[in-house]
file start39.txt (compact mmCIF, C-alpha atoms and all ligand atoms)
# COMPACT_ATOMS: atom_id res chain seq x y z
CA MET E 30 0.00 0.00 0.00
CA THR E 31 1.32 3.44 -0.90
CA SER E 32 1.40 6.30 1.56
CA THR E 33 -1.34 8.07 -0.46
CA GLN E 34 -3.62 5.06 -0.08
CA ALA E 35 -2.94 4.90 3.65
CA VAL E 36 -4.42 8.37 4.00
CA THR E 37 -7.34 8.05 1.56
CA LYS E 38 -8.37 4.38 1.72
CA CYS E 39 -9.85 2.26 4.50
CA PRO E 40 -8.66 -1.27 3.69
CA GLU E 41 -11.63 -2.95 5.35
CA ASP E 42 -14.22 -0.87 3.44
CA LEU E 43 -14.44 -1.27 -0.37
CA PHE E 44 -16.63 1.86 -0.55
CA CYS E 45 -14.03 4.06 1.13
CA GLY E 46 -11.70 5.67 -1.40
CA VAL E 47 -10.38 3.93 -4.50
CA ASN E 48 -9.44 0.24 -4.62
CA MET E 49 -6.31 -0.83 -6.50
CA VAL E 50 -4.36 -3.97 -7.19
CA GLN E 51 -1.88 -4.42 -4.35
CA ASP E 52 0.49 -6.92 -6.01
CA GLU E 53 0.39 -7.24 -9.83
CA ASP E 54 1.99 -10.72 -9.64
CA HIS E 55 -0.43 -12.07 -7.04
CA MET E 56 -3.82 -10.54 -7.75
CA THR E 57 -6.79 -11.62 -5.66
CA ASP E 58 -9.98 -12.79 -7.39
CA LEU E 59 -11.66 -9.57 -6.22
CA GLU E 60 -8.92 -7.51 -7.89
CA LYS E 61 -9.03 -9.63 -11.08
CA LYS E 62 -12.78 -9.09 -11.42
CA HIS E 63 -12.80 -5.34 -10.77
CA VAL E 64 -9.65 -3.57 -11.90
CA PRO E 65 -10.13 -1.76 -15.23
CA VAL E 66 -7.42 -2.97 -17.61
CA VAL E 67 -6.18 -0.16 -19.85
CA CYS E 68 -4.28 -0.88 -23.09
CA GLY E 69 -2.86 1.68 -25.48
CA PRO E 70 0.36 2.93 -27.06
CA SER E 71 3.25 3.70 -24.73
CA SER E 72 4.11 6.90 -26.63
CA VAL E 73 1.91 9.29 -28.62
CA LYS E 74 2.41 12.61 -30.37
CA LYS E 75 0.60 15.70 -29.12
CA GLY E 76 -2.65 16.21 -31.01
CA GLU E 77 -2.57 12.88 -32.86
CA CYS E 78 -5.45 10.44 -32.44
CA PHE E 79 -4.78 7.09 -30.89
CA GLU E 80 -6.92 4.24 -29.59
CA VAL E 81 -7.25 3.07 -26.01
CA ALA E 82 -9.13 -0.03 -24.86
CA ILE E 83 -10.47 -0.48 -21.33
CA GLU E 84 -11.95 -3.70 -20.02
CA VAL E 85 -13.26 -4.70 -16.61
CA GLY E 86 -13.12 -8.44 -16.02
CA LYS E 87 -10.26 -9.11 -18.41
CA HIS E 88 -8.41 -11.21 -15.82
CA MET E 89 -11.57 -12.84 -14.44
CA ALA E 90 -15.15 -12.24 -15.59
CA HIS E 91 -17.21 -9.90 -13.43
CA PRO E 92 -20.94 -10.69 -12.89
CA ASN E 93 -23.27 -8.75 -15.18
CA GLU E 94 -26.75 -9.04 -13.71
CA PRO E 95 -29.21 -6.49 -12.25
CA GLY E 96 -28.04 -7.08 -8.67
CA HIS E 97 -24.33 -6.97 -9.43
CA TYR E 98 -22.71 -5.15 -12.35
CA ILE E 99 -20.24 -2.47 -13.39
CA GLU E 100 -22.02 0.89 -13.36
CA PHE E 101 -19.48 3.02 -15.24
CA ILE E 102 -15.94 3.52 -16.48
CA GLU E 103 -14.27 6.95 -16.35
CA LEU E 104 -10.98 7.83 -17.99
CA TYR E 105 -8.47 10.52 -17.02
CA ALA E 106 -5.08 11.61 -18.32
CA ASP E 107 -3.37 12.04 -14.97
CA HIS E 108 -6.01 14.26 -13.28
CA THR E 109 -7.58 15.59 -16.50
CA TYR E 110 -11.06 14.17 -17.13
CA LEU E 111 -11.51 12.60 -20.60
CA ALA E 112 -14.63 10.43 -20.74
CA ARG E 113 -17.31 8.49 -18.92
CA ILE E 114 -19.40 5.56 -20.11
CA ASP E 115 -22.40 4.30 -18.11
CA PHE E 116 -23.50 0.67 -18.37
CA THR E 117 -26.69 -1.26 -17.81
CA ALA E 118 -26.68 -4.80 -16.43
CA GLN E 119 -26.92 -7.70 -18.90
CA THR E 120 -27.34 -5.62 -22.07
CA THR E 121 -23.97 -3.84 -22.02
CA HIS E 122 -20.54 -5.11 -21.10
CA PRO E 123 -17.81 -3.05 -19.42
CA THR E 124 -15.47 -3.04 -22.39
CA ILE E 125 -14.82 0.15 -24.36
CA LYS E 126 -12.55 1.56 -27.03
CA LEU E 127 -11.92 5.29 -27.24
CA CYS E 128 -10.02 7.48 -29.67
CA LEU E 129 -8.05 10.16 -27.85
CA SER E 130 -5.77 13.01 -28.78
CA LEU E 131 -3.84 14.66 -25.98
CA ASP E 132 -2.52 18.21 -26.29
CA HIS E 133 -0.46 18.29 -23.11
CA VAL E 134 2.22 16.18 -21.49
CA HIS E 135 0.79 13.41 -19.34
CA SER E 136 2.41 10.38 -17.76
CA LYS E 137 -0.51 8.07 -17.09
CA LEU E 138 -3.99 7.16 -18.32
CA ARG E 139 -6.14 6.37 -15.29
CA ALA E 140 -9.39 4.42 -15.59
CA PHE E 141 -11.95 4.14 -12.80
CA SER E 142 -14.71 1.57 -12.75
CA ARG E 143 -17.49 1.26 -10.20
CA CYS E 144 -19.16 -1.96 -9.15
CA ASN E 145 -22.50 -1.49 -7.37
CA ILE E 146 -21.41 -4.00 -4.68
CA HIS E 147 -17.60 -3.68 -4.57
CA GLY E 148 -16.96 0.03 -5.01
CA LEU E 149 -14.58 2.10 -7.10
CA TRP E 150 -11.46 0.60 -8.72
CA GLU E 151 -8.53 2.17 -10.53
CA GLY E 152 -6.31 0.80 -13.27
CA HIS E 153 -3.70 2.72 -15.24
CA TRP E 154 -1.52 2.74 -18.33
CA PRO E 155 1.77 4.61 -18.57
CA ILE E 156 1.91 6.93 -21.55
CA GLN E 157 4.37 9.46 -22.88
CA VAL E 158 3.04 12.45 -24.83
CA VAL E 159 5.79 13.96 -26.99
FE FE R 1 -18.40 -6.62 -8.18

call {"tool": "encode", "arguments": {"input": "start39.txt", "output": "structure tokens", "more": "lines below"}}
Ligand SMILES: [Fe+2]
result
Amino acid sequence: MTSTQAVTKCPEDLFCGVNMVQDEDHMTDLEKKHVPVVCGPSSVKKGECFEVAIEVGKHMAHPNEPGHYIEFIELYADHTYLARIDFTAQTTHPTIKLCLSLDHVHSKLRAFSRCNIHGLWEGHWPIQVV
């Protein structure tokens, strides 16, 4: 756990703060089902369009039924808001592709997904904007 998480996250409460994978090499089933997996290029040019894919449940399928589903995915470039997609249970799946073009230097794409039972989760992708 990072020092930032220690201040902003209660480990015993999934609805307190933002949940993250603690050990990439030894993910729990809860982490596998909830972390948004972000995939994109490692380096992009300012102002040029590129594609990013985000999927919740890539490591292990997450339930998708009215009582338990992923409500939304939000995407940020560092702390700059980019997009939000809302989902409905059963009829939509928490997998999206977006075309982006970034005009400023950023170091990370950050995706947040929210499960109605297991709270908010963050995944990220390192990116260099040159
Ligand atoms: Fe869940």

call {"tool": "residues_near_ligand", "arguments": {"input": "start39.txt", "ligand": "ligand FE 1 (chain R)", "cutoff": "8 Å", "atoms": "all atoms listed in the file", "output": "list of chain:residue names"}}
result
E:Leu59, E:Lys62, E:His63, E:His91, E:Pro92, E:His97, E:Tyr98, E:Ile99, E:Cys144, E:Asn145, E:Ile146, E:His147, E:Gly148

call {"tool": "write_last_selection", "arguments": {"input": "start39.txt", "atoms": "C-alpha atoms", "output": "short mmCIF file (atom, residue, chain, number, x, y, z; two decimals), in the frame of the given file"}}
result
data_model
loop_
_atom_site.label_atom_id
_atom_site.label_comp_id
_atom_site.auth_asym_id
_atom_site.auth_seq_id
_atom_site.Cartn_x
_atom_site.Cartn_y
_atom_site.Cartn_z
CA LEU E 59 -11.66 -9.57 -6.22
CA LYS E 62 -12.78 -9.09 -11.42
CA HIS E 63 -12.80 -5.34 -10.77
CA HIS E 91 -17.21 -9.90 -13.43
CA PRO E 92 -20.94 -10.69 -12.89
CA HIS E 97 -24.33 -6.97 -9.43
CA TYR E 98 -22.71 -5.15 -12.35
CA ILE E 99 -20.24 -2.47 -13.39
CA CYS E 144 -19.16 -1.96 -9.15
CA ASN E 145 -22.50 -1.49 -7.37
CA ILE E 146 -21.41 -4.00 -4.68
CA HIS E 147 -17.60 -3.68 -4.57
CA GLY E 148 -16.96 0.03 -5.01
#

call {"tool": "atom_distance", "arguments": {"input": "start39.txt", "atom1": "CA of Gly69 (chain E)", "atom2": "CA of Thr124 (chain E)"}}
result
13.8 Å

call {"tool": "residues_around", "arguments": {"input": "start39.txt", "residues": "Lys137 (chain E)", "least_positions_apart": "5", "cutoff": "9 Å", "atoms": "only C-alpha atoms", "output": "number ranges by chain"}}
result
E: 105-107, 153-157

call {"tool": "closest_residue", "arguments": {"input": "start39.txt", "among": "E:Ala90, E:Val158, E:Val85, E:Leu129", "to": "Ser142 (chain E)", "atoms": "all atoms listed in the file"}}
result
E:Val85

call {"tool": "residues_around", "arguments": {"input": "start39.txt", "residues": "Lys74 (chain E)", "least_positions_apart": "6", "cutoff": "10 Å", "atoms": "all atoms listed in the file", "output": "PyMOL selection string"}}
result
chain E and resi 130-134+157-159

call {"tool": "write_last_selection", "arguments": {"input": "start39.txt", "atoms": "C-alpha atoms", "output": "PDB file, in the frame of the given file"}}
result
ATOM      1  CA  SER E 130      -5.770  13.010 -28.780  1.00  0.00           C
ATOM      2  CA  LEU E 131      -3.840  14.660 -25.980  1.00  0.00           C
ATOM      3  CA  ASP E 132      -2.520  18.210 -26.290  1.00  0.00           C
ATOM      4  CA  HIS E 133      -0.460  18.290 -23.110  1.00  0.00           C
ATOM      5  CA  VAL E 134       2.220  16.180 -21.490  1.00  0.00           C
ATOM      6  CA  GLN E 157       4.370   9.460 -22.880  1.00  0.00           C
ATOM      7  CA  VAL E 158       3.040  12.450 -24.830  1.00  0.00           C
ATOM      8  CA  VAL E 159       5.790  13.960 -26.990  1.00  0.00           C
TER       9      VAL E 159
END

call {"tool": "atom_distance", "arguments": {"input": "start39.txt", "atom1": "CA of Ala140 (chain E)", "atom2": "CA of Pro65 (chain E)"}}
result
6.2 Å

call {"tool": "atom_distance", "arguments": {"input": "start39.txt", "atom1": "CA of His108 (chain E)", "atom2": "CA of Asn93 (chain E)"}}
result
28.8 Å

call {"tool": "axis_aligned_box", "arguments": {"input": "start39.txt", "around": "region 88-105 of chain E", "padding_each_side": "4 Å", "output": "lines of an AutoDock Vina configuration file"}}
result
center_x = -18.8
center_y = -1.2
center_z = -13.3
size_x = 28.8
size_y = 31.4
size_z = 17.3

call {"tool": "residues_around", "arguments": {"input": "start39.txt", "residues": "Trp150 (chain E)", "least_positions_apart": "3", "cutoff": "6 Å", "atoms": "all atoms listed in the file", "output": "list in words"}}
result
Val47, Asn48, Met49, Val64, Phe141 and Ser142 of chain E

call {"tool": "decode", "arguments": {"input": "start39.txt", "residues": "region 108-124 of chain E", "atoms": "N, CA, C and O atoms", "output": "mmCIF file, in the first residue's frame"}}
result
data_model
loop_
_atom_site.group_PDB
_atom_site.id
_atom_site.type_symbol
_atom_site.label_atom_id
_atom_site.label_comp_id
_atom_site.auth_asym_id
_atom_site.auth_seq_id
_atom_site.Cartn_x
_atom_site.Cartn_y
_atom_site.Cartn_z
ATOM 1 N N HIS E 108 -4.807 13.792 -13.965
ATOM 2 C CA HIS E 108 -6.010 14.261 -13.280
ATOM 3 C C HIS E 108 -6.957 15.000 -14.217
ATOM 4 O O HIS E 108 -7.911 15.642 -13.754
ATOM 5 N N THR E 109 -6.723 14.926 -15.520
ATOM 6 C CA THR E 109 -7.584 15.592 -16.501
ATOM 7 C C THR E 109 -8.677 14.631 -16.966
ATOM 8 O O THR E 109 -8.380 13.568 -17.532
ATOM 9 N N TYR E 110 -9.927 15.016 -16.738
ATOM 10 C CA TYR E 110 -11.065 14.175 -17.133
ATOM 11 C C TYR E 110 -11.154 14.061 -18.649
ATOM 12 O O TYR E 110 -11.053 15.057 -19.369
ATOM 13 N N LEU E 111 -11.377 12.830 -19.155
ATOM 14 C CA LEU E 111 -11.508 12.600 -20.598
ATOM 15 C C LEU E 111 -12.881 12.066 -20.984
ATOM 16 O O LEU E 111 -13.472 12.529 -21.961
ATOM 17 N N ALA E 112 -13.385 11.064 -20.288
ATOM 18 C CA ALA E 112 -14.631 10.434 -20.743
ATOM 19 C C ALA E 112 -15.266 9.616 -19.629
ATOM 20 O O ALA E 112 -14.601 9.216 -18.670
ATOM 21 N N ARG E 113 -16.565 9.370 -19.826
ATOM 22 C CA ARG E 113 -17.307 8.487 -18.916
ATOM 23 C C ARG E 113 -18.341 7.718 -19.735
ATOM 24 O O ARG E 113 -19.035 8.300 -20.572
ATOM 25 N N ILE E 114 -18.415 6.426 -19.480
ATOM 26 C CA ILE E 114 -19.405 5.561 -20.110
ATOM 27 C C ILE E 114 -20.193 4.878 -19.000
ATOM 28 O O ILE E 114 -19.608 4.272 -18.103
ATOM 29 N N ASP E 115 -21.528 4.986 -19.062
ATOM 30 C CA ASP E 115 -22.402 4.298 -18.108
ATOM 31 C C ASP E 115 -22.910 3.000 -18.725
ATOM 32 O O ASP E 115 -23.188 2.952 -19.924
ATOM 33 N N PHE E 116 -23.053 1.982 -17.892
ATOM 34 C CA PHE E 116 -23.495 0.670 -18.370
ATOM 35 C C PHE E 116 -24.811 0.275 -17.711
ATOM 36 O O PHE E 116 -25.132 0.745 -16.617
ATOM 37 N N THR E 117 -25.523 -0.611 -18.388
ATOM 38 C CA THR E 117 -26.688 -1.261 -17.807
ATOM 39 C C THR E 117 -26.353 -2.738 -17.652
ATOM 40 O O THR E 117 -25.541 -3.279 -18.413
ATOM 41 N N ALA E 118 -26.945 -3.377 -16.663
ATOM 42 C CA ALA E 118 -26.685 -4.798 -16.431
ATOM 43 C C ALA E 118 -27.211 -5.625 -17.596
ATOM 44 O O ALA E 118 -28.213 -5.270 -18.219
ATOM 45 N N GLN E 119 -26.552 -6.685 -17.898
ATOM 46 C CA GLN E 119 -26.919 -7.696 -18.897
ATOM 47 C C GLN E 119 -26.783 -7.213 -20.331
ATOM 48 O O GLN E 119 -26.210 -7.902 -21.160
ATOM 49 N N THR E 120 -27.302 -6.036 -20.670
ATOM 50 C CA THR E 120 -27.335 -5.616 -22.074
ATOM 51 C C THR E 120 -26.053 -4.947 -22.543
ATOM 52 O O THR E 120 -25.808 -4.857 -23.744
ATOM 53 N N THR E 121 -25.254 -4.422 -21.635
ATOM 54 C CA THR E 121 -23.971 -3.837 -22.024
ATOM 55 C C THR E 121 -22.861 -4.492 -21.206
ATOM 56 O O THR E 121 -23.091 -4.963 -20.090
ATOM 57 N N HIS E 122 -21.681 -4.505 -21.766
ATOM 58 C CA HIS E 122 -20.538 -5.113 -21.102
ATOM 59 C C HIS E 122 -19.466 -4.049 -20.882
ATOM 60 O O HIS E 122 -19.278 -3.177 -21.741
ATOM 61 N N PRO E 123 -18.765 -4.117 -19.766
ATOM 62 C CA PRO E 123 -17.806 -3.053 -19.417
ATOM 63 C C PRO E 123 -16.499 -3.152 -20.187
ATOM 64 O O PRO E 123 -15.424 -3.335 -19.609
ATOM 65 N N THR E 124 -16.625 -3.041 -21.493
ATOM 66 C CA THR E 124 -15.474 -3.036 -22.393
ATOM 67 C C THR E 124 -15.664 -1.900 -23.377
ATOM 68 O O THR E 124 -16.712 -1.819 -24.025
#
